[in-house]
Structure formats: structure tokens, C-alpha cells
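Shown next: query19.cif, given as mmCIF, C-alpha atoms and all ligand atoms.
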data_target
#
loop_
_atom_site.label_atom_id
_atom_site.label_comp_id
_atom_site.auth_asym_id
_atom_site.auth_seq_id
_atom_site.Cartn_x
_atom_site.Cartn_y
_atom_site.Cartn_z
CA MET A 1 -40.48 214.89 112.56
CA LYS A 2 -40.43 213.64 116.14
CA LYS A 3 -38.74 210.28 116.59
CA LYS A 4 -41.06 207.42 117.55
CA ARG A 5 -40.47 206.39 121.18
CA VAL A 6 -40.26 202.62 121.53
CA LEU A 7 -40.11 201.11 124.99
CA VAL A 8 -38.55 197.63 125.09
CA VAL A 9 -39.82 195.49 127.96
CA LEU A 10 -37.23 192.84 128.72
CA GLY A 11 -35.89 190.56 131.44
CA GLY A 12 -38.68 190.16 133.96
CA ALA A 13 -38.76 187.54 136.67
CA SER A 14 -39.66 184.37 134.72
CA ARG A 15 -37.34 181.38 134.39
CA GLU A 16 -36.64 182.61 130.86
CA ARG A 17 -35.22 185.93 132.09
CA GLU A 18 -31.76 185.34 130.61
CA VAL A 19 -33.16 184.51 127.16
CA SER A 20 -35.38 187.59 127.30
CA LEU A 21 -32.40 189.82 128.13
CA GLU A 22 -30.70 188.44 125.01
CA SER A 23 -33.79 188.96 122.84
CA GLY A 24 -34.16 192.48 124.22
CA LYS A 25 -30.52 193.34 123.55
CA SER A 26 -30.70 192.27 119.91
CA CYS A 27 -33.99 194.09 119.34
CA ILE A 28 -32.69 197.31 120.98
CA LEU A 29 -29.73 197.33 118.58
CA ALA A 30 -32.07 196.92 115.61
CA LEU A 31 -34.54 199.55 116.86
CA LYS A 32 -31.70 202.07 117.26
CA LYS A 33 -30.46 201.27 113.75
CA ILE A 34 -33.93 202.02 112.39
CA GLY A 35 -33.77 205.39 114.13
CA TYR A 36 -36.34 205.08 116.92
CA SER A 37 -35.80 206.63 120.29
CA VAL A 38 -35.39 203.52 122.48
CA LEU A 39 -36.24 203.14 126.16
CA LYS A 40 -35.61 200.04 128.28
CA PHE A 41 -37.89 198.63 130.95
CA ASP A 42 -37.17 195.61 133.15
CA PRO A 43 -40.24 194.57 135.22
CA LYS A 44 -37.94 192.73 137.62
CA PHE A 45 -36.86 196.07 139.09
CA LEU A 46 -39.73 198.43 138.31
CA SER A 47 -43.44 198.05 138.83
CA LEU A 48 -45.33 197.90 135.52
CA ASP A 49 -47.45 200.97 136.25
CA LYS A 50 -44.25 203.06 135.77
CA ILE A 51 -44.49 202.31 132.03
CA LYS A 52 -47.21 204.92 131.69
CA LYS A 53 -44.81 207.64 132.95
CA ASN A 54 -42.39 206.88 130.09
CA ASN A 55 -45.21 207.68 127.69
CA PRO A 56 -43.94 205.54 124.79
CA ASP A 57 -45.60 205.42 121.36
CA VAL A 58 -45.09 201.67 121.14
CA ILE A 59 -44.18 198.89 123.58
CA PHE A 60 -41.86 196.26 122.15
CA ASN A 61 -42.44 193.16 124.25
CA ALA A 62 -39.21 191.13 124.48
CA LEU A 63 -40.31 189.07 127.49
CA HIS A 64 -40.52 185.28 127.46
CA GLY A 65 -42.27 182.88 129.80
CA LYS A 66 -44.59 183.46 132.73
CA GLY A 67 -45.89 186.99 133.17
CA GLY A 68 -44.58 188.18 129.81
CA GLU A 69 -45.96 185.58 127.41
CA ASP A 70 -49.15 184.48 129.14
CA GLY A 71 -51.42 187.52 128.75
CA LYS A 72 -50.58 189.15 132.09
CA VAL A 73 -48.27 191.90 130.87
CA GLN A 74 -50.44 192.30 127.76
CA SER A 75 -53.42 193.17 129.95
CA PHE A 76 -51.39 196.04 131.48
CA PHE A 77 -50.60 197.32 127.98
CA GLU A 78 -54.29 197.18 127.09
CA TYR A 79 -55.18 198.99 130.30
CA PHE A 80 -52.65 201.76 129.52
CA ARG A 81 -53.93 201.81 125.92
CA ILE A 82 -50.41 201.79 124.53
CA PRO A 83 -49.87 199.82 121.27
CA TYR A 84 -47.73 196.70 121.82
CA THR A 85 -46.10 194.03 119.68
CA HIS A 86 -47.06 190.33 119.37
CA SER A 87 -50.33 188.67 120.38
CA GLY A 88 -53.11 190.06 122.56
CA VAL A 89 -54.28 189.05 126.04
CA LEU A 90 -56.49 186.07 125.27
CA SER A 91 -54.33 184.53 122.52
CA SER A 92 -51.22 184.81 124.67
CA MET A 93 -53.02 183.25 127.61
CA ILE A 94 -54.36 180.31 125.63
CA ALA A 95 -51.17 179.67 123.67
CA MET A 96 -49.14 179.53 126.90
CA ASN A 97 -51.61 177.06 128.37
CA LYS A 98 -50.80 173.77 126.60
CA HIS A 99 -53.99 172.09 127.84
CA PHE A 100 -56.29 174.85 126.54
CA SER A 101 -54.50 175.24 123.23
CA LYS A 102 -54.45 171.47 122.63
CA GLN A 103 -58.20 171.34 123.30
CA LEU A 104 -58.69 173.97 120.59
CA PHE A 105 -56.34 172.15 118.19
CA ILE A 106 -58.28 168.91 118.67
CA LYS A 107 -61.65 170.64 118.20
CA ASN A 108 -60.37 172.14 114.95
CA LYS A 109 -58.76 168.92 113.69
CA VAL A 110 -55.14 169.99 114.05
CA ARG A 111 -53.19 166.89 115.04
CA THR A 112 -51.44 167.06 118.42
CA PRO A 113 -50.01 164.16 120.47
CA ASN A 114 -52.45 162.28 122.72
CA TYR A 115 -52.32 163.65 126.22
CA PHE A 116 -53.99 164.23 129.52
CA PHE A 117 -53.85 167.14 131.94
CA LEU A 118 -53.61 167.15 135.73
CA ASN A 119 -54.16 169.96 138.18
CA ARG A 120 -52.66 169.93 141.70
CA LYS A 121 -56.02 168.92 143.17
CA ASP A 122 -55.91 165.71 141.07
CA TYR A 123 -52.43 164.69 142.26
CA PRO A 124 -53.26 162.76 145.46
CA ASN A 125 -55.81 160.30 144.05
CA ILE A 126 -54.71 159.89 140.46
CA ASN A 127 -54.58 156.46 138.85
CA LEU A 128 -51.90 156.97 136.20
CA HIS A 129 -52.36 153.53 134.62
CA GLN A 130 -56.03 154.24 134.06
CA LYS A 131 -55.38 157.75 132.71
CA ILE A 132 -52.80 156.42 130.24
CA ARG A 133 -55.20 153.76 128.99
CA LYS A 134 -58.25 156.02 128.76
CA ASN A 135 -56.42 158.74 126.84
CA LYS A 136 -54.61 156.24 124.58
CA LEU A 137 -51.09 157.26 125.54
CA ALA A 138 -48.11 155.05 124.73
CA PHE A 139 -44.56 154.99 126.09
CA PRO A 140 -42.29 156.86 125.97
CA ILE A 141 -44.43 159.49 127.71
CA VAL A 142 -43.42 163.14 128.08
CA VAL A 143 -44.24 164.88 131.37
CA LYS A 144 -44.11 168.67 131.16
CA PRO A 145 -45.43 171.74 132.95
CA ASN A 146 -48.63 173.04 131.38
CA ASP A 147 -47.33 176.59 131.14
CA GLU A 148 -43.57 176.93 130.89
CA GLY A 149 -41.28 177.42 127.90
CA SER A 150 -37.71 176.77 126.69
CA SER A 151 -38.15 173.02 127.49
CA ILE A 152 -37.99 173.83 131.22
CA GLY A 153 -39.26 170.84 133.21
CA VAL A 154 -39.76 168.61 130.12
CA LYS A 155 -39.02 164.94 130.96
CA ILE A 156 -39.17 161.96 128.64
CA CYS A 157 -40.05 158.71 130.44
CA LYS A 158 -39.38 155.35 128.79
CA ASN A 159 -41.44 153.27 131.18
CA PHE A 160 -43.93 153.44 133.99
CA SER A 161 -41.47 153.43 136.87
CA LEU A 162 -39.59 156.40 135.36
CA LEU A 163 -42.89 158.17 134.81
CA ARG A 164 -43.86 157.66 138.44
CA LYS A 165 -40.47 159.02 139.55
CA GLU A 166 -40.71 162.13 137.33
CA PHE A 167 -44.31 162.74 138.38
CA LYS A 168 -43.25 162.67 142.03
CA LYS A 169 -40.66 165.40 141.31
CA ALA A 170 -42.85 167.43 138.96
CA LYS A 171 -45.82 167.64 141.29
CA LYS A 172 -43.66 169.44 143.86
CA ASN A 173 -42.72 172.12 141.32
CA TYR A 174 -45.79 172.56 139.13
CA SER A 175 -49.51 173.00 139.80
CA ASN A 176 -50.52 171.94 136.29
CA LEU A 177 -48.98 169.12 134.27
CA ILE A 178 -49.32 167.61 130.81
CA PHE A 179 -48.67 163.92 130.09
CA GLU A 180 -48.17 163.35 126.38
CA THR A 181 -47.19 160.50 124.06
CA TYR A 182 -43.62 160.99 122.86
CA ILE A 183 -43.50 161.40 119.06
CA PRO A 184 -40.21 160.26 117.52
CA GLY A 185 -39.06 161.60 114.14
CA GLN A 186 -38.08 165.13 113.17
CA GLU A 187 -38.33 168.41 115.10
CA ILE A 188 -39.83 171.02 112.73
CA GLN A 189 -40.62 174.62 113.61
CA VAL A 190 -42.47 177.19 111.55
CA ALA A 191 -42.24 180.99 111.75
CA VAL A 192 -45.47 182.91 111.22
CA MET A 193 -45.58 186.64 110.52
CA GLY A 194 -48.90 188.46 110.49
CA GLY A 195 -50.79 185.19 110.07
CA LYS A 196 -48.66 184.03 107.10
CA SER A 197 -46.11 181.24 107.43
CA ILE A 198 -42.70 182.32 106.16
CA GLY A 199 -40.77 179.04 106.41
CA ALA A 200 -40.02 175.81 108.26
CA ILE A 201 -36.74 174.75 109.83
CA GLU A 202 -35.55 171.40 111.19
CA LEU A 203 -33.61 171.20 114.43
CA ARG A 204 -31.34 168.22 115.00
CA PRO A 205 -30.07 168.28 118.55
CA LYS A 206 -26.95 166.33 119.45
CA ARG A 207 -28.38 165.95 122.94
CA LYS A 208 -31.14 163.47 123.90
CA PHE A 209 -33.79 165.96 122.84
CA TYR A 210 -34.27 169.66 122.11
CA ASP A 211 -33.84 170.71 125.73
CA TYR A 212 -32.79 174.06 127.23
CA LYS A 213 -29.09 173.53 126.48
CA ALA A 214 -29.75 172.31 122.94
CA LYS A 215 -31.78 175.50 122.40
CA TYR A 216 -29.41 178.10 123.79
CA LYS A 217 -25.88 176.74 124.27
CA LYS A 218 -23.78 176.97 121.13
CA SER A 219 -21.54 174.23 122.51
CA ALA A 220 -24.53 171.81 122.38
CA LYS A 221 -24.17 172.04 118.56
CA THR A 222 -27.81 171.59 117.53
CA LEU A 223 -27.97 171.46 113.74
CA HIS A 224 -30.30 173.95 112.08
CA ILE A 225 -31.46 172.82 108.65
CA MET A 226 -33.18 175.56 106.66
CA PRO A 227 -35.40 174.88 104.80
CA ALA A 228 -36.55 171.73 106.61
CA PRO A 229 -35.57 168.74 104.44
CA ILE A 230 -39.04 167.33 103.77
CA SER A 231 -40.96 166.97 100.50
CA LYS A 232 -42.40 170.13 98.89
CA LYS A 233 -45.88 168.85 99.54
CA LYS A 234 -45.22 168.27 103.24
CA TYR A 235 -43.42 171.61 103.55
CA LYS A 236 -46.51 173.37 102.21
CA GLU A 237 -48.70 171.33 104.51
CA VAL A 238 -46.83 172.32 107.68
CA LEU A 239 -46.96 175.99 106.65
CA ARG A 240 -50.71 175.65 106.16
CA ILE A 241 -51.26 173.90 109.53
CA SER A 242 -49.30 176.68 111.25
CA GLU A 243 -51.47 179.38 109.70
CA LYS A 244 -54.55 177.47 110.79
CA ALA A 245 -53.23 177.11 114.36
CA ASN A 246 -52.48 180.86 114.51
CA LYS A 247 -55.97 181.62 113.32
CA ILE A 248 -57.54 179.26 115.86
CA LEU A 249 -55.71 181.01 118.70
CA GLY A 250 -56.10 184.50 117.20
CA CYS A 251 -52.35 185.23 117.30
CA LYS A 252 -50.84 188.50 116.07
CA GLY A 253 -47.35 189.69 115.13
CA ILE A 254 -44.81 186.90 114.92
CA THR A 255 -45.17 183.40 116.38
CA ARG A 256 -43.38 180.08 116.13
CA CYS A 257 -45.14 176.71 115.89
CA ASP A 258 -43.35 173.63 117.26
CA PHE A 259 -44.02 170.31 115.54
CA ARG A 260 -42.88 166.72 115.54
CA PHE A 261 -42.93 165.02 112.11
CA TYR A 262 -43.30 161.25 112.16
CA LYS A 263 -44.47 158.74 109.53
CA ASP A 264 -45.56 161.54 107.21
CA LYS A 265 -47.71 163.18 109.89
CA PHE A 266 -47.23 166.50 111.69
CA PHE A 267 -48.01 166.72 115.40
CA LEU A 268 -48.33 170.25 116.74
CA LEU A 269 -46.82 170.59 120.22
CA GLU A 270 -47.49 174.29 120.79
CA VAL A 271 -47.60 177.82 119.41
CA ASN A 272 -45.15 180.32 120.93
CA THR A 273 -46.48 183.87 120.97
CA GLN A 274 -43.19 185.42 122.16
CA PRO A 275 -40.58 183.43 120.21
CA GLY A 276 -36.86 184.05 120.77
CA MET A 277 -35.62 187.23 119.10
CA THR A 278 -31.86 187.14 119.41
CA SER A 279 -30.18 187.53 116.05
CA LEU A 280 -29.45 183.76 116.29
CA SER A 281 -33.01 182.69 117.14
CA LEU A 282 -35.17 180.60 114.85
CA VAL A 283 -37.77 183.11 113.66
CA PRO A 284 -35.03 185.58 112.56
CA GLU A 285 -33.16 182.69 110.91
CA ILE A 286 -36.25 181.61 108.97
CA ALA A 287 -37.03 185.26 108.10
CA LYS A 288 -33.49 185.76 106.79
CA TYR A 289 -33.97 182.82 104.44
CA SER A 290 -37.07 184.63 103.11
CA ASN A 291 -34.91 187.73 102.54
CA ILE A 292 -36.25 189.54 105.60
CA SER A 293 -33.34 190.92 107.63
CA PHE A 294 -33.42 191.13 111.42
CA VAL A 295 -33.83 194.91 111.23
CA GLN A 296 -36.69 194.60 108.71
CA LEU A 297 -38.37 192.03 110.94
CA VAL A 298 -38.15 194.30 113.99
CA LYS A 299 -39.43 197.27 111.99
CA TRP A 300 -42.36 195.22 110.75
CA MET A 301 -43.18 194.23 114.35
CA VAL A 302 -43.25 197.87 115.48
CA ASN A 303 -45.51 198.84 112.56
CA ASP A 304 -47.75 195.86 113.30
CA SER A 305 -48.18 196.80 117.00
CA GLY A 306 -51.61 197.73 118.32
CA ILE A 307 -54.23 197.45 121.05
CA ASN A 308 -57.50 195.49 121.18
CA ARG A 309 -55.54 192.66 119.57
N1 LIG A 401 -44.80 164.78 122.74
C1 LIG A 401 -43.53 165.02 122.44
N2 LIG A 401 -42.87 164.20 121.58
C2 LIG A 401 -41.58 164.41 121.28
N3 LIG A 401 -40.85 165.41 121.78
C3 LIG A 401 -41.45 166.26 122.64
C4 LIG A 401 -42.82 166.12 123.01
N4 LIG A 401 -43.12 167.12 123.87
C5 LIG A 401 -42.01 167.85 124.03
N5 LIG A 401 -41.00 167.35 123.30
C6 LIG A 401 -39.63 167.89 123.18
O1 LIG A 401 -39.46 168.91 124.16
C7 LIG A 401 -39.34 170.20 123.53
C8 LIG A 401 -40.10 171.25 124.32
O2 LIG A 401 -41.46 170.91 124.36
P1 LIG A 401 -42.63 171.93 124.06
O3 LIG A 401 -43.92 171.19 124.17
O4 LIG A 401 -42.37 172.65 122.80
O5 LIG A 401 -42.54 172.91 125.33
P2 LIG A 401 -41.75 174.29 125.58
O6 LIG A 401 -42.86 175.26 125.84
O7 LIG A 401 -40.92 174.04 126.79
O8 LIG A 401 -40.95 174.62 124.36
C9 LIG A 401 -39.87 170.00 122.11
O9 LIG A 401 -39.31 170.95 121.22
C10 LIG A 401 -39.45 168.56 121.82
O10 LIG A 401 -38.10 168.46 121.47
MG MG A 402 -41.54 174.55 122.37
#
Will you turn the file into C-alpha cells for me?
Amino acid sequence: MKKKRVLVVLGGASREREVSLESGKSCILALKKIGYSVLKFDPKFLSLDKIKKNNPDVIFNALHGKGGEDGKVQSFFEYFRIPYTHSGVLSSMIAMNKHFSKQLFIKNKVRTPNYFFLNRKDYPNINLHQKIRKNKLAFPIVVKPNDEGSSIGVKICKNFSLLRKEFKKAKKNYSNLIFETYIPGQEIQVAVMGGKSIGAIELRPKRKFYDYKAKYKKSAKTLHIMPAPISKKKYKEVLRISEKANKILGCKGITRCDFRFYKDKFFLLEVNTQPGMTSLSLVPEIAKYSNISFVQLVKWMVNDSGINR
């Protein structure tokens, strides 16, 4: 029988390029172990239309961040009509857009921190005091880009003067911003596989918060507690909320839902449609706890790939 040709798309030009190269490397190893014929494709150096020439059976999307996680690359895959892993065009686009996804969470009664959204055109005349009051925000307030990942650009502001300072910086770098009430408590993340939650983990960063370094630098020593140390009832609840959020956004393949847990309540921050896939990432760690090895997870993702997602 002819070996299945799997093309791994990795790297790219987003700010999460390095993480994607790591995810890609781990997945390539697993794909080879399974016995697929593996091809590599880095959109930083090759134009995406070259993918068609490789004529793969399946595209394994190992990209993270802009371009790779926001529906853009997915629309190429749809256009080529080549089956691909993870979520489809619209789900990826909405999940990457914190404002849009939070609107859908609110409409569907999934709790998310109070927030407001600003576009570049709003920057010059905005009255922040009024916005904070109207949208019932309380300090500390988190300022973050509407469509980045890996905690890039996330700033926690204790008071109004710090908020004004961070806003001044952020508006130079980002066209769309989210202002959100900071939720203290625990950082809980849930892995979802084919619409079913497979487990919840707690992250305890040693740094001020779960920022880029806390996520990726081993020396930052973030504690991973699997399963998340919360009551059975609450554990079940967060798994259920994650499944609901995936359904609302129409996600496919694997995803990871990021929560804060405070005073017995879960606050959904976001759903990640292209979660980290290094052998040390959270979804593989949660899967392992459910007796799903990294290789099994990757194999499942290939079998789950498709178009018209
Ligand atoms: N409203 C908030 N309350 C508490 N912590 C937050 C809040 N928003 C962001 N954070 C912290 O910043 C991290 C990254 O924020 P998140 O919204 O998940 O964006 P990203 O797409 O960058 O992962 C979170 O995992 C959390 O530690
Ligand atoms: Mg996150």
C-alpha cells in the first residue's frame, strides 16, 4: 500500500514562529514513527500556492498565531481542496478574534471577564474612564491585542495611570485592543479533542502571570498540576463549559480553552484552535494523563483531518 503523504506546515512569519517550529519538529517525529511519508513546508520561505505541487494527502497544520491560526492559511487549504488538521476557516477566524469570540460566549451564557474592544479609529477620541464605567470593568485591568497569542502584548494594569501608559504603547503596535477586568485565582486550561474534553490542568507560574516566558522557558519553572486540583464537581463543570465553547465556535480537531477560576466561578478567556504541540505542551500533557500518547494524538489528528470543516 502506498504511504500516506503528510505535509507539515510550520514556522511561518507570525510572532509565534519559534513555537511553531518546535511544534512542527515534534509532530514530524511522531508522523515518521507512525510511518507516513512526511514533507515540510515553511510559508516564510515559500509561497503557499506551492503546496499544491507537493500533492499531499493531508496537511498537518503546525502553525501558530497570525496567518496560521486565524483562518487565512485554512482558506488556502480549502481552495486547494486538500484535507487539513484542526479547525476550519470561520472557527479559526472567530476564535483568534477575542472580541468576536467573547461576543458569542456572552450570547450563549458562557462567562467571560467584562471587557470592551477598541479599533484604531476609536483611539484618538476615546474616554477610557467612561468606557470602564459603562462596561463595568474594575482594576486591575488587562490590556491585550485582540488577535495575538502566547501572551504577546498582554499587560496587567493596577491603576488608571498605568493603564493610560500601556494604552499609549499598545496603540502604536496594535490596530485592535481588548480591555478586560483582571480575574485573580487559578489558571486552568482544558484540552478538547473532537469536541470532547479530555482533561483540565492548572498552571502556576512563578512569574507575575502566565506570560511568554512562563509558557515556554523551562527556567521560568511554571508548575503544571494535572489534573487541576479543584473539586470533582467543578472539574466536570469546566470540561462541560469547554465543550460548549467549542460547539459555539464550531471548532474541529484539538483545541485548548484558557480559563481563570475565581470564587468558584470559571471565566473563559479564549479558545485556541492551534494549541502548542511540542511533546511538552499542555494538550499532549493532558492527553498523556488520559492514556493518549503523543504519537496516538498525532495519528488521531491526521485521521480527523478534512475539508469543508
Ligand atoms: N482577564 C484576565 N484575568 C487574569 N489573567 C489574564 C486575563 N487576561 C489574560 N490573562 C493572563 O494572560 C494570559 C494570556 O491571555 P490570553 O487571553 O489567554 O491571550 P493569549 O492569546 O495571548 O494566550 C492568560 O493565560 C492569563 O494568565
Ligand atoms: Mg491564552
Counting only C-alpha atoms and all ligand atoms, what are the residues of chain A within 7 Å of ligand LIG 401 (chain A), and for each of them which pair of atoms is the nearest and at what distance in Å, to one decimal? Sort the table by chain and rising number, as JSON lines.
{"residue": "A:Pro113", "atom": "CA", "partner": "A:LIG401", "partner_atom": "N1", "distance": 5.7}
{"residue": "A:Val142", "atom": "CA", "partner": "A:LIG401", "partner_atom": "N1", "distance": 5.8}
{"residue": "A:Glu148", "atom": "CA", "partner": "A:LIG401", "partner_atom": "O6", "distance": 5.4}
{"residue": "A:Gly149", "atom": "CA", "partner": "A:LIG401", "partner_atom": "O6", "distance": 3.4}
{"residue": "A:Ser150", "atom": "CA", "partner": "A:LIG401", "partner_atom": "O7", "distance": 4.2}
{"residue": "A:Ser151", "atom": "CA", "partner": "A:LIG401", "partner_atom": "O7", "distance": 3.0}
{"residue": "A:Ile152", "atom": "CA", "partner": "A:LIG401", "partner_atom": "O7", "distance": 5.3}
{"residue": "A:Val154", "atom": "CA", "partner": "A:LIG401", "partner_atom": "O1", "distance": 6.0}
{"residue": "A:Glu180", "atom": "CA", "partner": "A:LIG401", "partner_atom": "N1", "distance": 5.2}
{"residue": "A:Thr181", "atom": "CA", "partner": "A:LIG401", "partner_atom": "N1", "distance": 5.1}
{"residue": "A:Tyr182", "atom": "CA", "partner": "A:LIG401", "partner_atom": "N2", "distance": 3.5}
{"residue": "A:Ile183", "atom": "CA", "partner": "A:LIG401", "partner_atom": "N2", "distance": 3.8}
{"residue": "A:Pro184", "atom": "CA", "partner": "A:LIG401", "partner_atom": "C2", "distance": 5.8}
{"residue": "A:Glu187", "atom": "CA", "partner": "A:LIG401", "partner_atom": "O10", "distance": 6.4}
{"residue": "A:Phe209", "atom": "CA", "partner": "A:LIG401", "partner_atom": "O10", "distance": 5.2}
{"residue": "A:Tyr210", "atom": "CA", "partner": "A:LIG401", "partner_atom": "O10", "distance": 4.1}
{"residue": "A:Asp211", "atom": "CA", "partner": "A:LIG401", "partner_atom": "C7", "distance": 5.9}
{"residue": "A:Asp258", "atom": "CA", "partner": "A:LIG401", "partner_atom": "O4", "distance": 5.7}
{"residue": "A:Arg260", "atom": "CA", "partner": "A:LIG401", "partner_atom": "C2", "distance": 6.3}
{"residue": "A:Leu269", "atom": "CA", "partner": "A:LIG401", "partner_atom": "O3", "distance": 4.9}
{"residue": "A:Glu270", "atom": "CA", "partner": "A:LIG401", "partner_atom": "O4", "distance": 5.7}
- Would you mind reading off the distance between atom CA of A:Asp49 and atom CA of A:Ser91, one decimal, in Å?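 A separation of 22.5 Å between them.
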- One decimal, Å: what's the distance from atom CA of A:Phe117 over to atom CA of A:Glu69, could you say?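 Between atom CA of A:Phe117 and atom CA of A:Glu69 the gap works out to 20.6 Å.
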- Skip A:Lys158 itself and residues of its chain fewer than 3 positions away, then list as a list in words all residues within 10 Å of it, counting all atoms listed in the file.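 Near neighbours after the sequence-gap exclusion: Ala138, Phe139, Pro140, Ile141, Val142, Lys155, Ser161, Leu162, Leu163 and Tyr182 of chain A.
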Stretch 265-273 of chain A, all listed atoms, 5 Å padding on each side: what axis-aligned box centre and edge lengths in Å to one decimal come out, as AutoDock Vina command-line options?
--center_x -46.7 --center_y 173.5 --center_z 115.4 --size_x 13.2 --size_y 30.7 --size_z 21.1
- Item | Interatomic distance, atom CA of A:Lys299 to atom CA of A:Lys33 (Å, one decimal) |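 Those two atoms sit 10.0 Å apart.
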- Item | Contacts of A:Lys102 at 9 Å (all atoms listed in the file; same-chain gap of 3+ positions) as an NGL selection string | :A and (95 or 97-99 or 105-107 or 110-113 or 115 or 268-270)
- Item | Residue with smallest distance to A:Leu280 - pool A:Lys50, A:Lys4, A:Lys217, A:Lys206, counting all atoms listed in the file | A:Lys217
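Of the listed residues A:Gly67, A:Pro145, A:Gly199, A:Gly194, the one whose atoms come nearest to A:Ala228 is A:Gly199, with distances taken using all atoms listed in the file.
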- Message: Measuring between only C-alpha atoms, which one of A:Ile132, A:Met301, A:Leu10, A:Leu239 shows the shortest distance to A:Leu31?
- Response: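 Of A:Ile132, A:Met301, A:Leu10, A:Leu239, the one nearest A:Leu31 is A:Met301, counting only C-alpha atoms.
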- Do you know which residues are at most 8 Å from A:Ser14 counting all atoms listed in the file, after dropping those on the same chain fewer than 6 positions away, and could you put them as a PyMOL selection string? chain A and resi 64-68
- With only C-alpha atoms and all ligand atoms as the atoms that count, which of A:Gln189, A:Thr222, A:Gln296, A:Gln130 lies nearest to ligand MG 402 (chain A)?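 Selected residue with least distance to ligand MG 402 (chain A): A:Gln189.
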Write out as a PDB file with C-alpha atoms, in the coordinates of the input each polymer residue whose atoms come within 10 Å of A:Asn308, counting only C-alpha atoms; drop sequence neighbours fewer than 3 positions from it.
ATOM      1  CA  SER A  75     -53.420 193.170 129.950  1.00  0.00           C
ATOM      2  CA  PHE A  77     -50.600 197.320 127.980  1.00  0.00           C
ATOM      3  CA  GLU A  78     -54.290 197.180 127.090  1.00  0.00           C
ATOM      4  CA  ARG A  81     -53.930 201.810 125.920  1.00  0.00           C
ATOM      5  CA  PRO A  83     -49.870 199.820 121.270  1.00  0.00           C
ATOM      6  CA  TYR A  84     -47.730 196.700 121.820  1.00  0.00           C
ATOM      7  CA  SER A  87     -50.330 188.670 120.380  1.00  0.00           C
ATOM      8  CA  GLY A  88     -53.110 190.060 122.560  1.00  0.00           C
ATOM      9  CA  VAL A  89     -54.280 189.050 126.040  1.00  0.00           C
TER      10      VAL A  89
END
- Message: Nearest residue to A:Phe266 out of A:Ile188, A:Cys251, A:Ile34, A:Leu48, using only C-alpha atoms?
- Response: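 When distances to A:Phe266 are compared using only C-alpha atoms, the smallest one comes from A:Ile188.
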- Task: Find, counting all atoms listed in the file, the residue in A:Met277, A:Ile126, A:Met96, A:Ala200 that gets nearest to ligand MG 402 (chain A).
- Result: A:Met96
- For the point (-35.2, 203.9, 127.4) in the file's frame, write as a ChimeraX atom specification all residues with an atom no more than 9 Å away, counting all atoms listed in the file. /A:5-8,37-41,54
- Task: Name the residues in contact with A:Asp264 at a cut-off of 12 Å, using all atoms listed in the file, excluding same-chain residues fewer than 5 positions from it; report them as a PyMOL selection string.
- Result: chain A and resi 184-186+230-231+233-235+237-238
